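Engineer: Structure file start20.cif, mmCIF, C-alpha atoms, is pasted below:
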```cif
data_upload
#
loop_
_atom_site.label_atom_id
_atom_site.label_comp_id
_atom_site.auth_asym_id
_atom_site.auth_seq_id
_atom_site.Cartn_x
_atom_site.Cartn_y
_atom_site.Cartn_z
CA MET C 51 2.55 -33.96 1.35
CA THR C 52 4.59 -31.37 3.26
CA SER C 53 3.00 -30.49 6.61
CA SER C 54 1.79 -26.97 7.35
CA SER C 55 4.31 -26.68 10.21
CA ALA C 56 7.15 -27.57 7.82
CA VAL C 57 5.87 -24.95 5.36
CA TYR C 58 5.87 -22.28 8.08
CA SER C 59 9.32 -23.27 9.29
CA ALA C 60 10.81 -23.11 5.79
CA LEU C 61 8.96 -20.10 4.39
CA ALA C 62 8.50 -17.79 7.40
CA PRO C 63 11.96 -16.22 6.80
CA TYR C 64 10.68 -15.28 3.35
CA GLY C 65 7.47 -13.65 4.62
CA TRP C 66 4.97 -16.54 4.79
CA ASP C 67 2.10 -15.86 7.20
CA ASP C 68 -1.47 -16.92 7.97
CA ASP C 69 -2.95 -14.69 5.30
CA TRP C 70 -0.75 -16.23 2.62
CA ALA C 71 -1.66 -19.69 3.92
CA ASP C 72 -5.37 -18.87 3.61
CA ALA C 73 -4.88 -17.54 0.08
CA PHE C 74 -3.01 -20.72 -0.87
CA ALA C 75 -5.56 -23.15 0.59
CA PRO C 76 -7.38 -23.88 -2.74
CA TYR C 77 -4.08 -24.85 -4.36
CA ALA C 78 -3.02 -27.03 -1.42
CA SER C 79 -6.05 -29.24 -2.07
CA GLU C 80 -4.70 -29.79 -5.60
CA GLY C 81 -1.39 -31.07 -4.26
CA LEU C 82 0.57 -27.97 -5.29
CA LEU C 83 3.43 -26.50 -3.24
CA PRO C 84 3.57 -22.90 -1.98
CA GLY C 85 6.76 -21.00 -2.64
CA ARG C 86 8.21 -17.56 -3.14
CA VAL C 87 9.91 -16.53 -6.36
CA VAL C 88 13.49 -15.47 -5.65
CA ARG C 89 14.61 -14.98 -9.26
CA VAL C 90 13.12 -14.90 -12.77
CA ASP C 91 15.16 -15.52 -15.89
CA ARG C 92 13.90 -16.08 -19.46
CA GLY C 93 10.62 -17.74 -18.65
CA GLN C 94 12.07 -19.77 -15.79
CA CYS C 95 12.07 -18.92 -12.12
CA ASP C 96 13.77 -20.09 -8.95
CA VAL C 97 11.28 -20.75 -6.16
CA VAL C 98 12.03 -21.39 -2.50
CA THR C 99 9.66 -24.03 -1.08
CA ALA C 100 9.43 -26.20 2.02
CA ASP C 101 11.03 -28.96 -0.09
CA GLY C 102 13.97 -26.73 -0.99
CA ALA C 103 14.75 -24.48 -3.95
CA VAL C 104 13.20 -25.58 -7.24
CA ARG C 105 13.44 -24.40 -10.83
CA ALA C 106 10.08 -23.96 -12.54
CA ASP C 107 8.69 -22.88 -15.89
CA THR C 108 6.27 -19.91 -15.93
CA ALA C 109 4.62 -20.60 -19.30
CA PHE C 110 1.19 -21.29 -17.78
CA VAL C 111 0.94 -17.80 -16.23
CA THR C 112 0.01 -15.54 -19.22
CA PRO C 113 3.57 -14.75 -20.36
CA HIS C 114 2.51 -12.14 -22.95
CA ASP C 115 1.06 -9.65 -20.45
CA PRO C 116 3.90 -7.79 -18.68
CA MET C 117 1.59 -7.02 -15.75
CA ARG C 118 0.61 -10.66 -15.20
CA VAL C 119 3.87 -12.50 -15.64
CA VAL C 120 5.47 -14.12 -12.62
CA CYS C 121 7.98 -11.77 -11.03
CA THR C 122 10.42 -11.71 -8.13
CA GLY C 123 8.56 -11.50 -4.84
CA ASP C 124 5.48 -13.39 -6.02
CA TRP C 125 4.02 -16.21 -3.91
CA VAL C 126 3.21 -19.04 -6.29
CA ALA C 127 1.62 -22.48 -6.52
CA VAL C 128 4.19 -24.80 -8.07
CA GLU C 129 3.99 -28.45 -9.03
CA ALA C 130 5.33 -30.87 -6.44
CA GLY C 131 7.24 -32.85 -9.04
CA GLY C 132 7.84 -33.32 -12.75
CA ASN C 133 10.52 -32.40 -15.24
CA PRO C 134 10.12 -29.62 -16.04
CA ARG C 135 8.05 -28.28 -13.16
CA TYR C 136 5.52 -25.54 -13.79
CA VAL C 137 4.19 -22.60 -11.84
CA ARG C 138 0.42 -22.98 -12.00
CA ALA C 139 -0.63 -19.64 -10.48
CA TYR C 140 0.54 -16.77 -8.35
CA LEU C 141 -1.34 -15.53 -5.30
CA PRO C 142 -3.04 -12.10 -5.40
CA ARG C 143 -0.39 -9.44 -4.88
CA ARG C 144 -0.54 -7.16 -1.86
CA THR C 145 1.61 -4.54 -3.57
CA ALA C 146 3.35 -4.22 -6.94
CA PHE C 147 6.11 -1.90 -8.09
CA VAL C 148 5.28 -0.96 -11.68
CA ARG C 149 6.85 1.34 -14.26
CA SER C 150 5.81 2.06 -17.83
CA THR C 151 7.53 0.22 -20.65
CA SER C 152 8.96 1.89 -23.73
CA SER C 153 6.21 0.43 -25.92
CA LYS C 154 3.94 2.73 -27.89
CA ARG C 155 0.98 1.25 -26.01
CA SER C 156 2.59 2.29 -22.75
CA ASP C 157 2.19 -1.05 -21.05
CA GLY C 158 3.12 -1.43 -17.43
CA GLN C 159 6.09 -3.55 -16.41
CA ILE C 160 6.03 -5.09 -12.95
CA LEU C 161 9.44 -5.01 -11.28
CA ALA C 162 8.73 -6.59 -7.89
CA ALA C 163 5.71 -7.89 -5.99
CA ASN C 164 4.57 -8.00 -2.37
CA VAL C 165 6.96 -5.30 -1.24
CA ASP C 166 6.59 -3.47 2.08
CA HIS C 167 9.50 -1.01 1.74
CA ALA C 168 10.88 0.62 -1.41
CA VAL C 169 14.49 1.61 -0.69
CA VAL C 170 15.61 4.28 -3.17
CA ALA C 171 19.42 4.33 -3.34
CA VAL C 172 20.90 7.70 -4.31
CA SER C 173 24.67 8.04 -4.68
CA LEU C 174 26.45 10.97 -3.07
CA ALA C 175 29.38 10.41 -5.42
CA VAL C 176 27.58 12.60 -7.96
CA GLU C 177 25.41 15.71 -7.80
CA LEU C 178 21.96 15.09 -6.34
CA ASP C 179 19.18 14.85 -8.91
CA LEU C 180 16.14 15.69 -6.80
CA GLY C 181 13.80 15.34 -9.76
CA ARG C 182 14.83 11.69 -10.18
CA VAL C 183 14.33 11.11 -6.47
CA GLU C 184 10.78 12.48 -6.78
CA ARG C 185 10.13 10.19 -9.75
CA PHE C 186 11.24 7.07 -7.85
CA LEU C 187 9.19 8.13 -4.83
CA ALA C 188 6.04 8.58 -6.94
CA LEU C 189 6.34 5.00 -8.19
CA ALA C 190 7.11 3.75 -4.68
CA TRP C 191 4.08 5.42 -3.09
CA GLU C 192 1.85 4.23 -5.93
CA SER C 193 3.00 0.64 -5.38
CA GLY C 194 1.61 0.62 -1.86
CA ALA C 195 5.05 0.29 -0.26
CA GLN C 196 6.64 2.66 2.27
CA PRO C 197 9.52 4.52 0.58
CA VAL C 198 12.92 4.96 2.22
CA VAL C 199 15.71 7.05 0.69
CA VAL C 200 19.28 5.93 1.32
CA LEU C 201 22.06 8.35 0.43
CA THR C 202 24.84 5.89 -0.37
CA LYS C 203 28.60 6.47 -0.37
CA ALA C 204 28.18 9.03 2.42
CA ASP C 205 31.85 8.54 3.35
CA LEU C 206 32.75 10.53 0.21
CA VAL C 207 31.20 13.65 1.80
CA THR C 208 33.81 14.42 4.45
CA ASP C 209 32.27 17.65 5.74
CA PRO C 210 29.47 16.82 8.23
CA VAL C 211 27.77 20.18 7.65
CA THR C 212 27.62 19.54 3.89
CA LEU C 213 26.27 16.05 4.50
CA ALA C 214 23.58 17.44 6.83
CA HIS C 215 22.52 19.93 4.15
CA LEU C 216 22.28 17.15 1.53
CA VAL C 217 20.12 15.07 3.86
CA GLN C 218 17.90 18.08 4.53
CA ASP C 219 17.51 18.77 0.78
CA VAL C 220 16.26 15.22 0.24
CA GLU C 221 14.00 15.37 3.32
CA ASN C 222 12.38 18.51 1.92
CA THR C 223 11.91 16.67 -1.37
CA ALA C 224 10.50 13.56 0.31
CA PRO C 225 7.84 14.52 2.89
CA GLY C 226 6.96 11.62 5.15
CA VAL C 227 9.88 9.51 3.96
CA PRO C 228 12.82 8.38 6.16
CA VAL C 229 16.15 9.57 4.72
CA VAL C 230 19.32 7.76 5.79
CA ALA C 231 22.90 8.71 4.93
CA ALA C 232 24.82 5.45 4.76
CA SER C 233 28.23 4.10 3.89
CA ALA C 234 28.61 0.40 3.19
CA HIS C 235 32.36 0.96 3.30
CA CYS C 236 32.43 2.45 6.80
CA GLY C 237 29.20 0.94 8.15
CA ASP C 238 27.64 4.33 8.88
CA GLY C 239 23.83 4.32 8.86
CA LEU C 240 23.51 0.56 8.35
CA ASP C 241 22.02 -0.09 11.80
CA ILE C 242 19.28 2.46 11.09
CA LEU C 243 18.62 0.90 7.71
CA ARG C 244 18.52 -2.64 9.13
CA ALA C 245 15.90 -1.51 11.63
CA LEU C 246 13.80 0.01 8.84
CA VAL C 247 13.90 -3.04 6.57
CA GLY C 248 14.10 -5.77 9.21
CA ASP C 249 10.38 -6.52 9.02
CA GLY C 250 8.75 -7.42 5.72
CA THR C 251 10.08 -7.29 2.17
CA SER C 252 12.19 -4.44 0.81
CA VAL C 253 13.17 -3.72 -2.78
CA LEU C 254 16.38 -1.82 -3.63
CA LEU C 255 15.89 0.71 -6.43
CA GLY C 256 18.16 3.21 -8.11
CA GLN C 257 20.38 3.96 -11.05
CA SER C 258 23.29 1.75 -12.02
CA GLY C 259 26.28 2.80 -9.93
CA ALA C 260 24.18 3.93 -6.96
CA GLY C 261 25.74 1.24 -4.78
CA LYS C 262 22.74 -1.06 -4.46
CA SER C 263 24.67 -4.34 -4.65
CA THR C 264 27.29 -3.08 -2.21
CA LEU C 265 24.51 -2.04 0.14
CA ALA C 266 22.83 -5.43 -0.26
CA ASN C 267 26.07 -7.21 0.63
CA ALA C 268 26.48 -5.02 3.72
CA LEU C 269 22.93 -5.75 4.91
CA ILE C 270 23.29 -9.48 4.30
CA GLY C 271 26.73 -9.66 5.88
CA GLU C 272 28.48 -11.43 3.02
CA ASP C 273 29.36 -10.84 -0.62
CA VAL C 274 26.43 -12.49 -2.38
CA MET C 275 26.03 -9.79 -5.05
CA ASP C 276 28.71 -8.97 -7.63
CA VAL C 277 30.06 -5.42 -7.38
CA ARG C 278 31.82 -3.32 -10.01
CA ALA C 279 33.30 0.15 -9.78
CA ALA C 280 31.30 3.11 -11.05
CA ARG C 281 32.76 5.48 -13.63
CA ASP C 282 34.40 8.54 -12.13
CA VAL C 283 32.97 10.85 -14.78
CA ASP C 284 29.30 10.37 -13.94
CA GLY C 285 29.13 7.85 -11.11
CA LYS C 286 27.36 5.30 -13.31
CA GLY C 287 28.34 1.67 -13.54
CA ARG C 288 27.62 -1.29 -15.74
CA HIS C 289 24.64 -3.39 -14.73
CA THR C 290 26.23 -5.49 -12.00
CA THR C 291 22.83 -6.97 -11.14
CA THR C 292 21.11 -8.26 -14.27
CA THR C 293 18.14 -9.99 -12.60
CA ARG C 294 15.98 -9.26 -9.59
CA ASN C 295 17.13 -11.41 -6.68
CA LEU C 296 15.25 -12.03 -3.45
CA LEU C 297 17.40 -12.71 -0.37
CA ALA C 298 16.50 -13.41 3.27
CA LEU C 299 18.30 -11.05 5.65
CA PRO C 300 20.04 -12.66 8.64
CA GLY C 301 18.45 -10.27 11.13
CA GLY C 302 14.94 -10.63 9.69
CA GLY C 303 13.25 -9.27 6.62
CA VAL C 304 13.67 -9.97 2.92
CA LEU C 305 15.57 -7.92 0.34
CA ILE C 306 15.06 -7.74 -3.43
CA ASP C 307 18.03 -6.31 -5.32
CA THR C 308 17.27 -4.97 -8.79
CA PRO C 309 19.28 -3.95 -11.88
CA GLY C 310 20.03 -0.26 -12.24
CA LEU C 311 17.08 1.54 -13.82
CA ARG C 312 18.00 3.92 -16.64
CA GLY C 313 14.40 4.77 -17.45
CA VAL C 314 11.86 5.31 -14.70
CA GLY C 315 8.59 5.98 -16.50
CA LEU C 316 5.45 6.62 -14.49
CA TYR C 317 2.56 4.21 -14.90
CA ASP C 318 -0.84 5.47 -13.75
CA ALA C 319 0.79 7.00 -10.67
CA GLU C 320 -1.49 9.97 -9.92
CA SER C 321 -1.85 9.04 -6.26
CA GLY C 322 1.91 8.52 -5.90
CA VAL C 323 2.68 11.91 -7.44
CA GLY C 324 0.17 13.49 -5.07
CA GLN C 325 1.92 11.97 -2.05
CA VAL C 326 5.36 13.11 -3.20
CA PHE C 327 4.07 16.66 -3.63
CA ALA C 328 1.69 16.64 -0.68
CA GLU C 329 2.32 20.31 0.13
CA ILE C 330 1.31 21.37 -3.40
CA GLU C 331 -1.83 19.24 -3.25
CA GLU C 332 -2.76 20.89 0.06
CA LEU C 333 -2.15 24.37 -1.35
CA ALA C 334 -4.22 23.52 -4.44
CA GLU C 335 -7.26 22.92 -2.26
CA ARG C 336 -7.22 26.66 -1.46
CA CYS C 337 -7.11 27.79 -5.09
CA ARG C 338 -10.12 29.75 -6.33
CA PHE C 339 -10.77 27.31 -9.18
CA HIS C 340 -10.90 23.56 -8.62
CA ASP C 341 -9.23 22.90 -12.01
CA CYS C 342 -6.50 25.50 -11.45
CA ALA C 343 -3.36 24.76 -13.49
CA HIS C 344 -1.25 26.93 -11.14
CA GLU C 345 0.00 29.11 -13.96
CA SER C 346 -1.67 32.52 -14.29
CA GLU C 347 -5.13 31.92 -12.87
CA PRO C 348 -6.41 34.49 -10.35
CA GLY C 349 -6.64 33.30 -6.77
CA CYS C 350 -4.04 30.54 -7.21
CA ALA C 351 -2.74 29.56 -3.76
CA VAL C 352 0.12 27.57 -5.28
CA ARG C 353 1.49 30.50 -7.29
CA ALA C 354 1.07 32.73 -4.22
CA ALA C 355 3.23 30.29 -2.23
CA VAL C 356 5.89 30.41 -4.94
CA ASP C 357 5.81 34.21 -5.08
CA GLY C 358 6.03 34.35 -1.28
CA GLY C 359 9.06 32.05 -1.19
CA GLU C 360 7.21 29.27 0.65
CA LEU C 361 7.32 26.84 -2.29
CA PRO C 362 10.46 26.41 -4.44
CA VAL C 363 9.93 26.96 -8.15
CA ARG C 364 11.79 23.70 -8.82
CA ARG C 365 9.20 21.72 -6.86
CA LEU C 366 6.31 23.20 -8.80
CA GLU C 367 8.03 22.58 -12.14
CA SER C 368 8.80 18.99 -11.17
CA TYR C 369 5.19 18.48 -10.05
CA ARG C 370 3.85 19.82 -13.34
CA LYS C 371 6.22 17.62 -15.32
CA LEU C 372 5.22 14.40 -13.54
CA ILE C 373 1.51 15.24 -13.67
CA ARG C 374 1.71 15.88 -17.44
CA GLU C 375 3.70 12.69 -18.00
CA ASN C 376 1.27 10.62 -15.97
CA GLN C 377 -1.74 12.09 -17.78
CA TRP C 378 -0.15 11.32 -21.12
CA ILE C 379 0.65 7.72 -20.13
CA VAL C 380 -2.92 7.13 -18.97
CA ALA C 381 -4.35 8.88 -22.03
CA LYS C 382 -2.58 6.45 -24.35
CA THR C 383 -5.02 3.76 -23.25
CA ASP C 384 -8.00 6.01 -22.39
CA ALA C 385 -9.65 7.64 -25.41
CA ARG C 386 -11.98 9.77 -23.26
CA LEU C 387 -9.10 11.23 -21.25
CA ARG C 388 -7.12 11.77 -24.46
CA ALA C 389 -9.97 13.88 -25.83
CA GLU C 390 -10.23 15.85 -22.59
CA ILE C 391 -6.51 16.66 -22.68
CA ARG C 392 -6.76 17.85 -26.29
CA ARG C 393 -9.72 20.09 -25.39
CA ASP C 394 -7.78 21.47 -22.43
CA TRP C 395 -4.77 22.23 -24.64
CA LYS C 396 -7.01 24.01 -27.17
CA ARG C 397 -8.68 26.04 -24.39
CA LYS C 398 -5.36 27.12 -22.93
CA GLY C 399 -4.05 27.96 -26.39
CA ALA C 400 -7.10 30.13 -27.06
CA GLU C 401 -6.73 31.86 -23.69
CA GLY C 402 -3.06 32.52 -24.41
CA ARG C 403 -3.81 34.00 -27.82
CA ALA C 404 -6.58 36.17 -26.36
CA ALA C 405 -4.25 37.46 -23.64
CA MET C 406 -1.57 38.28 -26.24
CA GLN C 407 -4.09 40.12 -28.41
CA ALA C 408 -5.26 42.11 -25.40
CA LYS C 409 -1.67 43.12 -24.65
CA GLN C 410 -1.08 44.12 -28.25
CA GLY C 411 -4.27 46.20 -28.15
CA ARG C 412 -2.95 48.10 -25.13
CA TRP C 413 0.38 48.73 -26.87
CA THR C 414 -1.22 50.23 -30.01
#
```
If you took the structure in this file and wrote it as structure tokens, what would it be?
Structural biologist:
Amino acid sequence: MTSSSAVYSALAPYGWDDDWADAFAPYASEGLLPGRVVRVDRGQCDVVTADGAVRADTAFVTPHDPMRVVCTGDWVAVEAGGNPRYVRAYLPRRTAFVRSTSSKRSDGQILAANVDHAVVAVSLAVELDLGRVERFLALAWESGAQPVVVLTKADLVTDPVTLAHLVQDVENTAPGVPVVAASAHCGDGLDILRALVGDGTSVLLGQSGAGKSTLANALIGEDVMDVRAARDVDGKGRHTTTTRNLLALPGGGVLIDTPGLRGVGLYDAESGVGQVFAEIEELAERCRFHDCAHESEPGCAVRAAVDGGELPVRRLESYRKLIRENQWIVAKTDARLRAEIRRDWKRKGAEGRAAMQAKQGRWT
């Protein structure tokens, strides 16, 4: 059996620590090997262990539940031998990055596990979509990871004043989140990013064409990820990365590169949305009514901030949109909440009709 010192020596670069060792102890007594999943592909996964990289089948780990399947970043208990080998269990996850699937049941799909930093890559080759940034950040905060926004391809913005304004726009959109303008081509911002992700596990997120694979290669120091050019018309590219790959960084830390995400659906992310829009949540505490919808209610501190120019209308609209979407996702699997939402819609509809009738009465 592989000694504990050999396990530490082999797996420490991938994030193994005393807490993981304690969690694995029951499986060690069964003769299983600890390892970290570096790639999952069609029911098979590549696992780095103290005995080297092994290929294992994941069929024993509830493959029909998208929230419980083995995913990149998991620490697993894998058989020491056999052909094929099997993953017997995964250790309890510290964090999990989850989005909703496109199914009518609105299942969650886990994208990466045991992540400390969620690096949201946003290309400066196209116009900034702040609403999409907020959506990624909501999922990142909800996962339990610390978000980081990287504005990639910063070398394409030649005016430093313009670049500073773009950074400031994203900082205003992402309270409490580091924002780094970086260029993998020129090397700008990479030292700052290495310092941010040099401890723990980081996952790279963003649309196809955002420059994630190029950024991954720059952080690793060699071309380990395939890179293709993005289209000039919209800055999007084909899915260069088709699986989620976990890589140890030479200066410390672990990086998970992911395919470009076309759809970024929220999945029970109320807390994450609240952190993205922390200033709105704080204002809402001063509203006259605790269930204020921030529309036309008297004594609404949020609307007062909008009217006074302290809160951009775009932020409030984005907040409302994500809150509604998250409520609807949760309601699909919660009959009680679904009924509450319907009652709320009926109440607001009645109030709207009453207000219109009152106006018509004043006009006649």
Engineer: Specify as a list in words each residue included when the PyMOL selection byres ((chain C and resi 236-250) around 6) is applied to this file.
Structural biologist: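 On the file shown, the PyMOL selection byres ((chain C and resi 236-250) around 6) covers Asp166, Ala231, Ala232, Ser233, Ala234, His235, Thr251, Gly302 and Gly303 of chain C.
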Engineer: Can you list what the PyMOL selection byres ((chain C and resi 202-215) around 10) grabs from this structure, as an MDAnalysis selection string?
Structural biologist: chainID C and resid 170:176 199:201 216:221 230:239 260:262 264:265
Engineer: Tell me which protein, DNA and RNA residues are within 9 Å of Ala351 in chain C, counting only C-alpha atoms, leaving out same-chain ones fewer than 5 positions away, and put them as a VMD selection string.
Structural biologist: chain C and resid 333 to 338 344 356
Engineer: Here's the selection I'm unsure about, the PyMOL selection byres ((chain C and resi 97) around 8); applied to the file above, which residues does it give, as a PyMOL selection string?
Structural biologist: chain C and resi 85-89+95-96+98-99+103-106
Engineer: Using only C-alpha atoms, can you tell me which of C:Leu305, C:Glu375, C:Arg370, C:Val323 comes closest to Cys342 in chain C?
Structural biologist: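 Looking at the shortest contact to Cys342 in chain C, the residue is C:Arg370.
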Engineer: I'd like the contact shell of Gln196 in chain C - 9 Å cut-off, only C-alpha atoms, skipping same-chain residues fewer than 5 positions apart - returned as a PDB file with C-alpha atoms, in the frame of the given file.
Structural biologist:
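Below is the file that was written, selection.pdb:
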```
ATOM      1  CA  VAL C 165       6.960  -5.300  -1.240  1.00  0.00           C
ATOM      2  CA  ASP C 166       6.590  -3.470   2.080  1.00  0.00           C
ATOM      3  CA  HIS C 167       9.500  -1.010   1.740  1.00  0.00           C
ATOM      4  CA  ALA C 168      10.880   0.620  -1.410  1.00  0.00           C
ATOM      5  CA  VAL C 169      14.490   1.610  -0.690  1.00  0.00           C
ATOM      6  CA  ALA C 190       7.110   3.750  -4.680  1.00  0.00           C
ATOM      7  CA  TRP C 191       4.080   5.420  -3.090  1.00  0.00           C
ATOM      8  CA  VAL C 227       9.880   9.510   3.960  1.00  0.00           C
TER       9      VAL C 227
END
```
Engineer: Around all the atoms of range 82-94 of chain C listed in the file, draw an axis-aligned box and extend it by 4 Å on each of the six sides; I want its centre and edge lengths in Å to one decimal, as JSON.
Structural biologist:
```
{"center_x": 7.9, "center_y": -21.4, "center_z": -10.7, "size_x": 22.6, "size_y": 21.1, "size_z": 25.5}
```
Engineer: Which one of C:Arg135, C:Arg118, C:Val198, C:Gly123 sits closest to Gln159 in chain C if you count only C-alpha atoms?
Structural biologist: C:Arg118
Engineer: Find the residues near Val57 in chain C: any atom within 12 Å, counting only C-alpha atoms, skip ones fewer than 2 places away on the same chain, and give them as a PyMOL selection string.
Structural biologist: chain C and resi 51-55+59-68+70-71+74+78+83-86+98-102
Engineer: Ranking C:Ala224, C:Leu269, C:Val352, C:Leu255 by minimum distance to Leu161 in chain C and counting only C-alpha atoms, which one comes first?
Structural biologist: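 Smallest separation from Leu161 in chain C among the options: C:Leu255.
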Engineer: Record the distance separating CA of Ala188 in chain C and CA of Leu299 in chain C, expressed in Å with one decimal.
Structural biologist: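 Spanning CA of Ala188 in chain C to CA of Leu299 in chain C is a straight-line distance of 26.3 Å.
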Engineer: If you measure from CA of Ala75 in chain C to CA of Pro142 in chain C, what distance in Å do you get, rounded to one decimal?
Structural biologist: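 The value is 12.8 Å.
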Engineer: What's the separation between CA of Thr145 in chain C and CA of Leu296 in chain C, in Å to one decimal place?
Structural biologist: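 Computing the Euclidean distance for CA of Thr145 in chain C and CA of Leu296 in chain C yields 15.6 Å.
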Engineer: Find, counting all atoms listed in the file, the residue in C:Ala127, C:Leu178, C:Ala355, C:Leu372 that gets nearest to Ala139 in chain C.
Structural biologist: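 Checking each candidate against Ala139 in chain C, we get C:Ala127 as the closest.
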Engineer: Can you complete the atoms of range 93-100 of chain C to all heavy atoms and list them as a PDB file, in the coordinates of the input?
Structural biologist:
```pdb
ATOM      1  N   GLY C  93      11.732 -16.823 -18.718  1.00  0.00           N
ATOM      2  CA  GLY C  93      10.620 -17.740 -18.650  1.00  0.00           C
ATOM      3  C   GLY C  93      10.762 -18.839 -17.617  1.00  0.00           C
ATOM      4  O   GLY C  93       9.879 -19.687 -17.474  1.00  0.00           O
ATOM      5  N   GLN C  94      11.846 -18.817 -16.885  1.00  0.00           N
ATOM      6  CA  GLN C  94      12.070 -19.770 -15.790  1.00  0.00           C
ATOM      7  C   GLN C  94      12.194 -18.972 -14.497  1.00  0.00           C
ATOM      8  O   GLN C  94      12.551 -17.795 -14.504  1.00  0.00           O
ATOM      9  CB  GLN C  94      13.360 -20.563 -16.029  1.00  0.00           C
ATOM     10  CG  GLN C  94      13.383 -21.363 -17.315  1.00  0.00           C
ATOM     11  CD  GLN C  94      12.621 -22.673 -17.175  1.00  0.00           C
ATOM     12  OE1 GLN C  94      12.728 -23.359 -16.173  1.00  0.00           O
ATOM     13  NE2 GLN C  94      11.859 -23.025 -18.203  1.00  0.00           N
ATOM     14  N   CYS C  95      11.898 -19.615 -13.390  1.00  0.00           N
ATOM     15  CA  CYS C  95      12.070 -18.920 -12.120  1.00  0.00           C
ATOM     16  C   CYS C  95      12.585 -19.890 -11.056  1.00  0.00           C
ATOM     17  O   CYS C  95      12.348 -21.099 -11.126  1.00  0.00           O
ATOM     18  CB  CYS C  95      10.773 -18.266 -11.655  1.00  0.00           C
ATOM     19  SG  CYS C  95       9.439 -19.417 -11.266  1.00  0.00           S
ATOM     20  N   ASP C  96      13.336 -19.338 -10.113  1.00  0.00           N
ATOM     21  CA  ASP C  96      13.770 -20.090  -8.950  1.00  0.00           C
ATOM     22  C   ASP C  96      12.785 -19.813  -7.825  1.00  0.00           C
ATOM     23  O   ASP C  96      12.473 -18.647  -7.532  1.00  0.00           O
ATOM     24  CB  ASP C  96      15.181 -19.662  -8.520  1.00  0.00           C
ATOM     25  CG  ASP C  96      16.234 -20.002  -9.570  1.00  0.00           C
ATOM     26  OD1 ASP C  96      16.040 -21.011 -10.278  1.00  0.00           O
ATOM     27  OD2 ASP C  96      17.222 -19.256  -9.697  1.00  0.00           O
ATOM     28  N   VAL C  97      12.296 -20.868  -7.202  1.00  0.00           N
ATOM     29  CA  VAL C  97      11.280 -20.750  -6.160  1.00  0.00           C
ATOM     30  C   VAL C  97      11.773 -21.447  -4.906  1.00  0.00           C
ATOM     31  O   VAL C  97      12.224 -22.599  -4.963  1.00  0.00           O
ATOM     32  CB  VAL C  97       9.946 -21.401  -6.616  1.00  0.00           C
ATOM     33  CG1 VAL C  97       8.869 -21.194  -5.561  1.00  0.00           C
ATOM     34  CG2 VAL C  97       9.499 -20.832  -7.957  1.00  0.00           C
ATOM     35  N   VAL C  98      11.694 -20.757  -3.766  1.00  0.00           N
ATOM     36  CA  VAL C  98      12.030 -21.390  -2.500  1.00  0.00           C
ATOM     37  C   VAL C  98      10.750 -21.999  -1.928  1.00  0.00           C
ATOM     38  O   VAL C  98       9.719 -21.337  -1.828  1.00  0.00           O
ATOM     39  CB  VAL C  98      12.666 -20.387  -1.508  1.00  0.00           C
ATOM     40  CG1 VAL C  98      11.737 -19.218  -1.207  1.00  0.00           C
ATOM     41  CG2 VAL C  98      13.083 -21.075  -0.221  1.00  0.00           C
ATOM     42  N   THR C  99      10.803 -23.304  -1.612  1.00  0.00           N
ATOM     43  CA  THR C  99       9.660 -24.030  -1.080  1.00  0.00           C
ATOM     44  C   THR C  99      10.079 -24.778   0.181  1.00  0.00           C
ATOM     45  O   THR C  99      11.263 -24.820   0.529  1.00  0.00           O
ATOM     46  CB  THR C  99       9.113 -25.048  -2.100  1.00  0.00           C
ATOM     47  OG1 THR C  99      10.027 -26.158  -2.185  1.00  0.00           O
ATOM     48  CG2 THR C  99       8.942 -24.425  -3.482  1.00  0.00           C
ATOM     49  N   ALA C 100       9.116 -25.404   0.830  1.00  0.00           N
ATOM     50  CA  ALA C 100       9.430 -26.200   2.020  1.00  0.00           C
ATOM     51  C   ALA C 100      10.260 -27.428   1.653  1.00  0.00           C
ATOM     52  O   ALA C 100      10.942 -28.005   2.513  1.00  0.00           O
ATOM     53  CB  ALA C 100       8.146 -26.629   2.723  1.00  0.00           C
TER      54      ALA C 100
END
```
